[in-house]
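Colleague: So that you have it, the file is data_6.cif, and it contains mmCIF, C-alpha atoms and all ligand atoms:
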data_target
loop_
_atom_site.label_atom_id
_atom_site.label_comp_id
_atom_site.auth_asym_id
_atom_site.auth_seq_id
_atom_site.Cartn_x
_atom_site.Cartn_y
_atom_site.Cartn_z
CA MET F 32 4.78 28.95 1.57
CA PHE F 33 6.01 25.36 1.70
CA SER F 34 5.88 24.63 -2.03
CA ARG F 35 9.63 24.41 -2.57
CA GLU F 36 10.15 21.80 0.13
CA GLN F 37 10.02 18.11 -0.59
CA ILE F 38 6.68 16.43 0.13
CA GLN F 39 7.28 13.59 2.57
CA LEU F 40 5.54 10.26 2.03
CA ARG F 41 4.48 8.20 5.05
CA THR F 42 4.79 4.49 5.65
CA PRO F 43 1.70 2.55 6.79
CA ASP F 44 3.08 2.50 10.35
CA GLN F 45 3.53 6.26 10.30
CA VAL F 46 -0.01 6.72 9.02
CA ARG F 47 -1.21 4.55 11.93
CA HIS F 48 0.55 6.91 14.36
CA MET F 49 -1.19 9.83 12.65
CA ARG F 50 -4.52 8.01 13.02
CA ARG F 51 -3.92 7.93 16.78
CA ALA F 52 -3.42 11.71 16.73
CA GLY F 53 -6.46 12.08 14.48
CA LEU F 54 -8.68 10.16 16.88
CA VAL F 55 -7.56 12.42 19.74
CA VAL F 56 -8.58 15.43 17.65
CA ALA F 57 -11.92 13.75 16.92
CA LYS F 58 -12.46 13.23 20.64
CA VAL F 59 -11.71 16.90 21.31
CA HIS F 60 -14.24 17.90 18.66
CA ALA F 61 -16.89 15.64 20.21
CA ALA F 62 -16.27 17.21 23.64
CA LEU F 63 -16.50 20.72 22.18
CA ARG F 64 -19.79 19.86 20.48
CA GLU F 65 -21.12 18.68 23.85
CA ALA F 66 -19.90 21.76 25.70
CA VAL F 67 -20.82 24.54 23.29
CA ALA F 68 -23.94 26.35 24.52
CA PRO F 69 -25.28 29.84 25.08
CA GLY F 70 -23.51 31.50 28.03
CA VAL F 71 -20.30 29.50 27.82
CA THR F 72 -17.11 31.51 27.32
CA THR F 73 -14.65 30.58 24.62
CA ALA F 74 -11.92 30.25 27.30
CA GLU F 75 -14.02 27.59 29.06
CA LEU F 76 -14.16 25.63 25.81
CA ASP F 77 -10.39 25.89 25.49
CA VAL F 78 -10.10 24.18 28.89
CA VAL F 79 -12.40 21.37 27.70
CA ALA F 80 -10.12 20.75 24.71
CA ALA F 81 -6.93 20.87 26.78
CA GLU F 82 -8.35 18.33 29.23
CA VAL F 83 -9.32 15.84 26.53
CA ILE F 84 -5.88 16.08 24.92
CA ALA F 85 -4.13 15.58 28.27
CA GLN F 86 -6.38 12.63 29.21
CA SER F 87 -5.58 11.04 25.86
CA GLY F 88 -1.84 11.15 26.48
CA ALA F 89 -1.41 13.53 23.55
CA ARG F 90 -0.22 17.14 23.35
CA SER F 91 -1.48 20.32 21.80
CA ASN F 92 0.24 21.48 18.64
CA PHE F 93 -1.54 24.86 18.74
CA LEU F 94 -0.40 25.88 22.24
CA GLY F 95 2.86 27.79 21.83
CA TYR F 96 2.82 27.57 18.02
CA TYR F 97 4.66 30.81 17.11
CA GLY F 98 3.51 31.88 20.56
CA TYR F 99 -0.19 31.05 20.09
CA PRO F 100 -1.58 31.17 23.64
CA ALA F 101 -4.33 28.52 23.56
CA THR F 102 -5.27 24.96 22.60
CA VAL F 103 -8.12 25.79 20.22
CA CYS F 104 -8.97 28.60 17.84
CA VAL F 105 -12.58 29.62 18.54
CA SER F 106 -13.68 31.97 15.78
CA VAL F 107 -17.08 33.57 16.34
CA ASN F 108 -19.22 35.17 13.60
CA GLU F 109 -17.08 37.75 11.75
CA GLU F 110 -13.97 36.03 13.08
CA VAL F 111 -12.85 33.70 10.29
CA VAL F 112 -9.91 31.79 11.76
CA HIS F 113 -7.27 31.84 14.51
CA ALA F 114 -9.34 33.69 17.14
CA ILE F 115 -7.92 33.32 20.64
CA PRO F 116 -10.33 31.99 23.30
CA GLY F 117 -11.16 34.44 26.06
CA LYS F 118 -13.98 36.05 28.01
CA ARG F 119 -16.39 36.25 25.08
CA ARG F 120 -19.66 34.53 26.03
CA LEU F 121 -21.36 32.59 23.26
CA ARG F 122 -24.95 33.43 22.40
CA ALA F 123 -27.65 31.43 20.64
CA GLY F 124 -27.24 31.93 16.91
CA ASP F 125 -23.51 32.62 16.98
CA LEU F 126 -21.72 30.86 14.14
CA VAL F 127 -18.57 29.38 15.67
CA THR F 128 -15.59 27.61 14.12
CA PHE F 129 -13.48 25.36 16.34
CA ASP F 130 -10.03 24.52 15.01
CA CYS F 131 -7.91 22.20 17.10
CA GLY F 132 -5.00 19.85 16.65
CA ALA F 133 -2.96 17.40 18.69
CA TYR F 134 0.10 15.23 18.32
CA VAL F 135 1.28 11.91 19.71
CA VAL F 136 4.91 10.87 20.14
CA ASP F 137 6.15 7.48 18.88
CA GLU F 138 8.75 5.15 20.45
CA GLU F 139 11.55 7.06 18.71
CA GLY F 140 10.38 10.43 19.97
CA THR F 141 8.94 11.55 16.64
CA GLN F 142 5.79 13.70 16.72
CA TRP F 143 2.76 12.75 14.63
CA HIS F 144 0.20 15.49 14.12
CA GLY F 145 -3.54 15.80 13.52
CA ASP F 146 -5.48 18.97 12.70
CA ALA F 147 -9.20 19.48 12.07
CA ALA F 148 -11.88 22.15 12.27
CA PHE F 149 -15.65 22.37 12.23
CA THR F 150 -18.27 25.10 12.28
CA THR F 151 -21.46 24.97 14.31
CA VAL F 152 -24.28 27.27 15.36
CA VAL F 153 -24.72 27.87 19.09
CA GLY F 154 -28.10 26.59 20.26
CA GLY F 155 -28.68 24.65 17.05
CA THR F 156 -30.75 27.20 15.10
CA TYR F 157 -29.22 29.40 12.42
CA GLN F 158 -29.93 33.09 12.90
CA ASP F 159 -29.83 33.82 9.19
CA PRO F 160 -30.21 31.70 6.03
CA LEU F 161 -26.80 32.99 4.96
CA ASP F 162 -25.20 31.44 8.06
CA GLU F 163 -26.61 28.08 7.06
CA LEU F 164 -25.49 28.56 3.46
CA VAL F 165 -21.91 29.40 4.37
CA ASP F 166 -21.69 26.56 6.91
CA THR F 167 -23.24 23.80 4.78
CA THR F 168 -21.44 24.90 1.62
CA THR F 169 -18.07 24.86 3.39
CA TYR F 170 -18.86 21.37 4.72
CA GLU F 171 -19.78 20.23 1.20
CA ALA F 172 -16.64 21.84 -0.18
CA LEU F 173 -14.49 19.90 2.28
CA TRP F 174 -16.03 16.52 1.48
CA SER F 175 -16.16 17.22 -2.22
CA ALA F 176 -12.43 17.98 -2.09
CA VAL F 177 -11.71 14.83 -0.05
CA ALA F 178 -13.75 12.79 -2.54
CA ALA F 179 -11.92 14.39 -5.47
CA VAL F 180 -8.59 13.36 -3.94
CA ALA F 181 -9.88 9.80 -3.45
CA VAL F 182 -11.10 9.60 -7.05
CA ALA F 183 -7.84 11.08 -8.33
CA VAL F 184 -5.88 8.41 -6.49
CA GLN F 185 -8.18 5.62 -7.66
CA SER F 186 -8.00 6.75 -11.26
CA GLY F 187 -4.28 6.23 -11.16
CA ALA F 188 -1.24 8.37 -11.64
CA SER F 189 -2.00 9.87 -15.02
CA GLY F 190 -4.17 12.62 -16.42
CA ARG F 191 -5.54 15.86 -15.01
CA GLY F 192 -7.23 13.93 -12.24
CA GLY F 193 -4.08 12.90 -10.47
CA ARG F 194 -2.84 16.21 -9.10
CA LEU F 195 -3.30 18.34 -5.98
CA ASN F 196 -5.23 21.02 -7.89
CA VAL F 197 -8.33 18.81 -7.70
CA VAL F 198 -8.85 20.28 -4.20
CA GLY F 199 -9.19 23.89 -5.33
CA ASP F 200 -11.23 22.85 -8.36
CA ALA F 201 -13.64 20.92 -6.11
CA VAL F 202 -14.07 23.84 -3.68
CA GLU F 203 -14.72 26.27 -6.53
CA ALA F 204 -17.22 23.91 -8.13
CA VAL F 205 -19.19 23.60 -4.88
CA VAL F 206 -19.20 27.39 -4.41
CA GLU F 207 -20.35 27.80 -8.02
CA ARG F 208 -23.16 25.26 -7.61
CA ALA F 209 -24.33 26.98 -4.40
CA ALA F 210 -24.32 30.33 -6.23
CA GLU F 211 -26.53 28.89 -8.99
CA HIS F 212 -28.90 27.31 -6.46
CA HIS F 213 -29.16 30.15 -3.97
CA GLY F 214 -28.36 33.24 -6.02
CA HIS F 215 -25.54 34.17 -3.66
CA ARG F 216 -21.83 33.74 -4.25
CA LEU F 217 -19.79 32.92 -1.18
CA GLY F 218 -16.19 34.08 -0.94
CA ILE F 219 -13.16 31.76 -0.91
CA LEU F 220 -10.27 32.85 1.30
CA ARG F 221 -6.98 33.14 -0.59
CA GLU F 222 -4.67 34.26 2.20
CA TYR F 223 -5.11 31.03 4.15
CA VAL F 224 -4.72 27.52 2.75
CA GLY F 225 -4.50 23.89 3.77
CA HIS F 226 -1.20 22.10 4.16
CA GLY F 227 0.75 18.91 4.33
CA ILE F 228 0.92 17.46 7.84
CA GLY F 229 3.01 14.76 9.51
CA THR F 230 5.96 15.20 11.85
CA GLN F 231 4.92 18.86 12.08
CA MET F 232 1.50 20.50 11.83
CA HIS F 233 2.37 22.59 8.79
CA MET F 234 4.42 20.95 6.06
CA SER F 235 4.70 20.95 2.29
CA PRO F 236 2.59 21.21 0.14
CA ASP F 237 0.24 24.20 0.37
CA VAL F 238 -3.30 23.04 -0.37
CA LEU F 239 -5.12 25.84 -2.16
CA ASN F 240 -8.90 26.19 -1.99
CA TYR F 241 -9.20 27.86 -5.41
CA SER F 242 -8.46 26.89 -8.99
CA VAL F 243 -5.07 27.68 -10.45
CA SER F 244 -3.51 26.89 -13.80
CA ARG F 245 -0.67 24.93 -12.18
CA ARG F 246 -1.86 21.42 -11.53
CA GLY F 247 0.36 21.01 -8.49
CA PRO F 248 2.21 17.94 -7.27
CA ARG F 249 1.02 14.47 -8.17
CA LEU F 250 -1.14 12.86 -5.47
CA ARG F 251 0.67 9.79 -4.19
CA PRO F 252 -0.01 7.14 -1.57
CA GLY F 253 1.69 8.21 1.66
CA MET F 254 0.88 11.91 1.27
CA VAL F 255 -1.08 13.32 4.21
CA LEU F 256 -2.96 16.59 3.73
CA ALA F 257 -4.92 18.94 5.96
CA ILE F 258 -7.74 20.03 3.65
CA GLU F 259 -9.49 23.10 5.05
CA PRO F 260 -11.77 25.26 2.94
CA MET F 261 -12.69 28.62 4.47
CA LEU F 262 -15.67 30.47 2.98
CA THR F 263 -17.14 33.90 3.71
CA ALA F 264 -20.79 34.90 3.45
CA GLY F 265 -19.66 38.23 1.98
CA PRO F 266 -16.58 39.19 -0.01
CA PRO F 267 -13.47 37.20 1.01
CA ARG F 268 -11.67 40.28 2.27
CA VAL F 269 -10.08 39.73 5.67
CA ARG F 270 -7.72 41.46 8.08
CA GLU F 271 -5.78 40.48 11.17
CA LEU F 272 -6.57 42.09 14.52
CA ASP F 273 -3.92 43.75 16.70
CA ASP F 274 -3.59 40.56 18.78
CA GLY F 275 -1.56 39.24 15.85
CA TRP F 276 -3.82 36.22 15.36
CA THR F 277 -7.54 36.82 14.96
CA VAL F 278 -8.58 37.03 11.31
CA VAL F 279 -11.88 38.86 10.72
CA THR F 280 -13.85 39.76 7.61
CA CYS F 281 -13.41 43.40 6.65
CA ASP F 282 -17.17 43.89 6.28
CA GLY F 283 -18.15 42.00 9.46
CA SER F 284 -19.93 39.23 7.56
CA ARG F 285 -19.75 35.69 8.83
CA ALA F 286 -17.56 32.81 7.75
CA ALA F 287 -17.09 29.07 8.13
CA GLN F 288 -14.25 26.57 8.05
CA TRP F 289 -14.22 22.78 7.90
CA GLU F 290 -11.02 20.77 8.01
CA HIS F 291 -9.83 17.18 8.14
CA THR F 292 -6.45 15.47 8.10
CA VAL F 293 -6.55 13.08 5.15
CA ALA F 294 -4.10 10.27 4.36
CA ILE F 295 -3.73 9.15 0.75
CA LEU F 296 -3.41 5.37 0.52
CA PRO F 297 -3.29 3.01 -2.45
CA GLY F 298 -6.81 3.12 -3.92
CA GLY F 299 -8.27 5.96 -1.85
CA VAL F 300 -8.16 8.06 1.31
CA TRP F 301 -8.42 7.55 5.05
CA VAL F 302 -9.79 10.59 6.89
CA LEU F 303 -7.67 10.37 10.01
CA THR F 304 -9.58 12.95 12.07
CA ALA F 305 -13.01 11.42 11.38
CA PRO F 306 -13.95 8.64 13.84
CA ASP F 307 -15.44 6.60 10.95
CA GLY F 308 -12.45 7.27 8.71
CA GLY F 309 -14.62 9.36 6.41
CA ALA F 310 -17.35 6.77 5.68
CA GLN F 311 -20.27 9.15 6.17
CA GLY F 312 -18.69 12.08 4.37
CA LEU F 313 -17.63 10.01 1.36
CA GLU F 314 -20.87 8.03 1.09
CA PRO F 315 -22.77 10.65 -1.02
CA PHE F 316 -19.97 10.37 -3.58
CA GLY F 317 -20.33 6.59 -3.80
CA LEU F 318 -16.96 6.20 -2.07
CA ALA F 319 -15.72 4.46 1.05
CA PRO F 320 -12.53 5.10 3.01
CA VAL F 321 -9.47 2.88 2.61
CA VAL F 322 -8.52 1.87 6.13
CA LEU F 323 -5.29 0.39 7.48
CA SER F 324 -5.80 -2.27 10.15
N1 LIG O 1 -5.10 24.66 12.12
C1 LIG O 1 -4.57 25.98 11.92
C2 LIG O 1 -4.12 26.11 10.49
O1 LIG O 1 -3.85 25.12 9.85
C3 LIG O 1 -3.40 26.19 12.80
C4 LIG O 1 -3.60 27.24 13.73
S1 LIG O 1 -2.09 27.63 14.39
C5 LIG O 1 -2.45 28.31 15.87
O2 LIG O 1 -4.01 27.21 10.02
F1 LIG O 1 -1.32 28.72 16.32
F2 LIG O 1 -3.32 29.24 15.72
F3 LIG O 1 -2.92 27.42 16.63
CO CO O 2 -4.81 23.25 9.37
#
Starting from the file, lay out its structure as structure tokens.
Modeller:
Amino acid sequence: MFSREQIQLRTPDQVRHMRRAGLVVAKVHAALREAVAPGVTTAELDVVAAEVIAQSGARSNFLGYYGYPATVCVSVNEEVVHAIPGKRRLRAGDLVTFDCGAYVVDEEGTQWHGDAAFTTVVGGTYQDPLDELVDTTTYEALWSAVAAVAVAVQSGASGRGGRLNVVGDAVEAVVERAAEHHGHRLGILREYVGHGIGTQMHMSPDVLNYSVSRRGPRLRPGMVLAIEPMLTAGPPRVRELDDGWTVVTCDGSRAAQWEHTVAILPGGVWVLTAPDGGAQGLEPFGLAPVVLS
């Protein structure tokens, strides 16, 4: 997709602008977590997100993106990604992915983007052990990938560790470990990938969630990536609905997605869309975020 374009590296000041956008996205996520409940429609949740973005002095980067008609993607159950909010009423046990971004504008008029997604179960109790497996494994895959990027940067510019393919390798390793533990292999989406992010939401490079023989570009301080594993409870076969957006699993099985916008800095990463910069997510890996003041 974007692999032939140059990867842009950000200055510390530019990363600080992106942190502002990231914190707006985090605030939207917090509001959605508060508002999600049985009986609420997905369109009502879209309004919640739009209000938080407006109150924050930011703007939506989803609304109008190639004509996308809403502020959030609210993907319920067999919907994997990019589902348009509407009249659908959430029910206890629904497995829902919220994907939402925002941008701020700097003094020079340049846009700085954030993008993040999370999955949650309506009412707080999983309907099926497989729902929990796909959700928690996708969460682990995200943080394992973020940690792998941090380690790759720490370990310097040389060796197999220093390249973008650590993301796909980390996701595959987590899926493999879950398969060994639970006797069930989750699917990894191939049609949809993470991306560079900065002055636009989608930039070079593509960030694959599966292993490939090409090691990919070298990870360098100043790169900012949206890392977003998407896993399916069943086979990773998906199709797009006639609305031109909603992606569903072919077999109706459920799916999850977790995403953060992650800045690579000298010596580690700063998770721009996590309020704590990634402290909690990185802690199990013995890592801490590198934060710009
Ligand atoms: N965060 C989504 C992604 O990276 C972007 C959705 S674009 C929208 O794929 F138009 F659906 F909002
Ligand atoms: Co994204």
Colleague: Which residues are close to Asn92 of chain F, i.e. within 10 Å by all atoms listed in the file, leaving aside same-chain residues fewer than 6 positions away? Reply as a CSV table (one decimal) with C-alpha atoms, keeping the file's coordinate frame.
Modeller:
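Output file around.csv follows:
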chain,number,residue,atom,x,y,z
F,99,TYR,CA,-0.2,31.0,20.1
F,101,ALA,CA,-4.3,28.5,23.6
F,102,THR,CA,-5.3,25.0,22.6
F,103,VAL,CA,-8.1,25.8,20.2
F,131,CYS,CA,-7.9,22.2,17.1
F,132,GLY,CA,-5.0,19.8,16.6
F,133,ALA,CA,-3.0,17.4,18.7
F,134,TYR,CA,0.1,15.2,18.3
F,135,VAL,CA,1.3,11.9,19.7
F,142,GLN,CA,5.8,13.7,16.7
F,143,TRP,CA,2.8,12.8,14.6
F,144,HIS,CA,0.2,15.5,14.1
F,145,GLY,CA,-3.5,15.8,13.5
F,146,ASP,CA,-5.5,19.0,12.7
F,231,GLN,CA,4.9,18.9,12.1
F,232,MET,CA,1.5,20.5,11.8
Colleague: Show me a table, sorted first by chain and then by increasing residue number, of the residues of segment 215-287 of chain F having an atom at most 12 Å from segment 120-126 of chain F, each with its shortest atom pair and the distance in Å to one decimal, counting only C-alpha atoms and written as a tab-separated table.
Modeller:
residue	atom	partner	partner_atom	distance
F:Thr263	CA	F:Leu126	CA	11.8
F:Ala264	CA	F:Leu126	CA	11.5
F:Ser284	CA	F:Leu126	CA	10.8
F:Arg285	CA	F:Leu126	CA	7.4
F:Ala286	CA	F:Leu126	CA	7.9
F:Ala287	CA	F:Leu126	CA	7.8
Colleague: So which one's closest to Thr230 of chain F, F:Asp137, F:Glu110, F:Glu163, F:Asp77? Using all atoms listed in the file, please.
Modeller: F:Asp137
Colleague: What are the closest atom pairs, with distances in Å to one decimal, for each residue of chain F lying within 9 Å of ligand CO 2 (chain O), using only C-alpha atoms and all ligand atoms, rows by chain and rising residue number, as a Markdown table?
Modeller:
| residue | atom | partner | partner_atom | distance |
| --- | --- | --- | --- | --- |
| F:Asp130 | CA | O:CO2 | CO | 7.8 |
| F:Cys131 | CA | O:CO2 | CO | 8.4 |
| F:Gly132 | CA | O:CO2 | CO | 8.0 |
| F:Gly145 | CA | O:CO2 | CO | 8.6 |
| F:Asp146 | CA | O:CO2 | CO | 5.5 |
| F:Ala147 | CA | O:CO2 | CO | 6.4 |
| F:Ala148 | CA | O:CO2 | CO | 7.7 |
| F:Val224 | CA | O:CO2 | CO | 7.9 |
| F:Gly225 | CA | O:CO2 | CO | 5.6 |
| F:His226 | CA | O:CO2 | CO | 6.4 |
| F:Gly227 | CA | O:CO2 | CO | 8.7 |
| F:Ile228 | CA | O:CO2 | CO | 8.3 |
| F:Met232 | CA | O:CO2 | CO | 7.3 |
| F:His233 | CA | O:CO2 | CO | 7.2 |
| F:Leu256 | CA | O:CO2 | CO | 8.9 |
| F:Ala257 | CA | O:CO2 | CO | 5.5 |
| F:Ile258 | CA | O:CO2 | CO | 7.2 |
| F:Glu259 | CA | O:CO2 | CO | 6.4 |
| F:Glu290 | CA | O:CO2 | CO | 6.8 |
| F:His291 | CA | O:CO2 | CO | 8.0 |
| F:Thr292 | CA | O:CO2 | CO | 8.1 |
Colleague: Go ahead and dump the residues you just picked, C-alpha atoms, as a PDB file, in the frame of the given file.
Modeller:
ATOM      1  CA  ASP F 130     -10.030  24.520  15.010  1.00  0.00           C
ATOM      2  CA  CYS F 131      -7.910  22.200  17.100  1.00  0.00           C
ATOM      3  CA  GLY F 132      -5.000  19.850  16.650  1.00  0.00           C
ATOM      4  CA  GLY F 145      -3.540  15.800  13.520  1.00  0.00           C
ATOM      5  CA  ASP F 146      -5.480  18.970  12.700  1.00  0.00           C
ATOM      6  CA  ALA F 147      -9.200  19.480  12.070  1.00  0.00           C
ATOM      7  CA  ALA F 148     -11.880  22.150  12.270  1.00  0.00           C
ATOM      8  CA  VAL F 224      -4.720  27.520   2.750  1.00  0.00           C
ATOM      9  CA  GLY F 225      -4.500  23.890   3.770  1.00  0.00           C
ATOM     10  CA  HIS F 226      -1.200  22.100   4.160  1.00  0.00           C
ATOM     11  CA  GLY F 227       0.750  18.910   4.330  1.00  0.00           C
ATOM     12  CA  ILE F 228       0.920  17.460   7.840  1.00  0.00           C
ATOM     13  CA  MET F 232       1.500  20.500  11.830  1.00  0.00           C
ATOM     14  CA  HIS F 233       2.370  22.590   8.790  1.00  0.00           C
ATOM     15  CA  LEU F 256      -2.960  16.590   3.730  1.00  0.00           C
ATOM     16  CA  ALA F 257      -4.920  18.940   5.960  1.00  0.00           C
ATOM     17  CA  ILE F 258      -7.740  20.030   3.650  1.00  0.00           C
ATOM     18  CA  GLU F 259      -9.490  23.100   5.050  1.00  0.00           C
ATOM     19  CA  GLU F 290     -11.020  20.770   8.010  1.00  0.00           C
ATOM     20  CA  HIS F 291      -9.830  17.180   8.140  1.00  0.00           C
ATOM     21  CA  THR F 292      -6.450  15.470   8.100  1.00  0.00           C
TER      22      THR F 292
END
Colleague: Between F:Gly265, F:Gly299, F:Gly155, F:Gly98, which residue has the minimum interatomic distance to ligand LIG 1 (chain O), considering all atoms listed in the file?
Modeller: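 Nearest to ligand LIG 1 (chain O): F:Gly98.
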Colleague: Measure the distance from atom CA of Ala204 of chain F to atom CA of Ile295 of chain F in Å and round it to one decimal.
Modeller: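 For atom CA of Ala204 of chain F relative to atom CA of Ile295 of chain F, the distance reads 21.9 Å.
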Colleague: Could you name the residues that touch Glu314 of chain F at 12 Å or less, counting all atoms listed in the file, but leaving out those on the same chain fewer than 6 positions away, as JSON, numbers by chain?
Modeller: {"F": [174, 175, 177, 178, 307, 308, 320]}
Colleague: For ligand LIG 1 (chain O), which of F:His113, F:Lys58, F:Arg47, F:Arg194 is the closest residue, counting only C-alpha atoms and all ligand atoms?
Modeller: F:His113
Colleague: Taking all atoms listed in the file into account, which of F:Leu262, F:Val279, F:Ala114, F:Val153 comes nearest ligand LIG 1 (chain O)?
Modeller: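 The shortest atom-to-atom distance to ligand LIG 1 (chain O) comes from F:Ala114.
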Colleague: Using all atoms listed in the file, which residue out of F:Ala62, F:Ala201, F:Leu250, F:Val111 lies closest to ligand LIG 1 (chain O)?
Modeller: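 Counting all atoms listed in the file, the residue closest to ligand LIG 1 (chain O) is F:Val111.
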Colleague: Hey, which of F:Val255, F:Val269, F:Val71, F:Cys104 ends up closest to Arg119 of chain F? Count all atoms listed in the file.
Modeller: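 Closest to Arg119 of chain F, using all atoms listed in the file: F:Val71.
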Colleague: Give me the box for segment 276-293 of chain F as AutoDock Vina command-line options, namely the centre and edge lengths in Å to one decimal of a box along x, y and z that holds every listed atom plus 6 Å on each side.
Modeller:
--center_x -11.9 --center_y 28.5 --center_z 10.3 --size_x 28.1 --size_y 42.8 --size_z 22.2
Colleague: Please, could N, CA and C atoms be added to segment 73-85 of chain F and the result written as a short mmCIF file (atom, residue, chain, number, x, y, z; two decimals), in the frame of the given file?
Modeller:
data_model
loop_
_atom_site.label_atom_id
_atom_site.label_comp_id
_atom_site.auth_asym_id
_atom_site.auth_seq_id
_atom_site.Cartn_x
_atom_site.Cartn_y
_atom_site.Cartn_z
N THR F 73 -15.55 31.32 25.51
CA THR F 73 -14.65 30.58 24.62
C THR F 73 -13.44 30.05 25.40
N ALA F 74 -13.03 30.74 26.47
CA ALA F 74 -11.92 30.25 27.30
C ALA F 74 -12.31 28.95 28.00
N GLU F 75 -13.57 28.84 28.42
CA GLU F 75 -14.02 27.59 29.06
C GLU F 75 -13.95 26.42 28.08
N LEU F 76 -14.23 26.69 26.82
CA LEU F 76 -14.16 25.63 25.81
C LEU F 76 -12.71 25.24 25.54
N ASP F 77 -11.82 26.19 25.65
CA ASP F 77 -10.39 25.89 25.49
C ASP F 77 -9.93 24.90 26.57
N VAL F 78 -10.45 25.08 27.79
CA VAL F 78 -10.10 24.18 28.89
C VAL F 78 -10.61 22.77 28.59
N VAL F 79 -11.83 22.67 28.07
CA VAL F 79 -12.40 21.37 27.70
C VAL F 79 -11.45 20.65 26.73
N ALA F 80 -11.00 21.36 25.72
CA ALA F 80 -10.12 20.75 24.71
C ALA F 80 -8.79 20.32 25.33
N ALA F 81 -8.22 21.19 26.16
CA ALA F 81 -6.93 20.87 26.78
C ALA F 81 -7.03 19.63 27.65
N GLU F 82 -8.17 19.50 28.36
CA GLU F 82 -8.35 18.33 29.23
C GLU F 82 -8.44 17.04 28.42
N VAL F 83 -9.18 17.06 27.34
CA VAL F 83 -9.32 15.84 26.53
C VAL F 83 -7.96 15.43 25.96
N ILE F 84 -7.19 16.40 25.49
CA ILE F 84 -5.88 16.08 24.92
C ILE F 84 -4.97 15.47 25.99
N ALA F 85 -4.98 16.09 27.19
CA ALA F 85 -4.13 15.58 28.27
C ALA F 85 -4.55 14.17 28.67
#
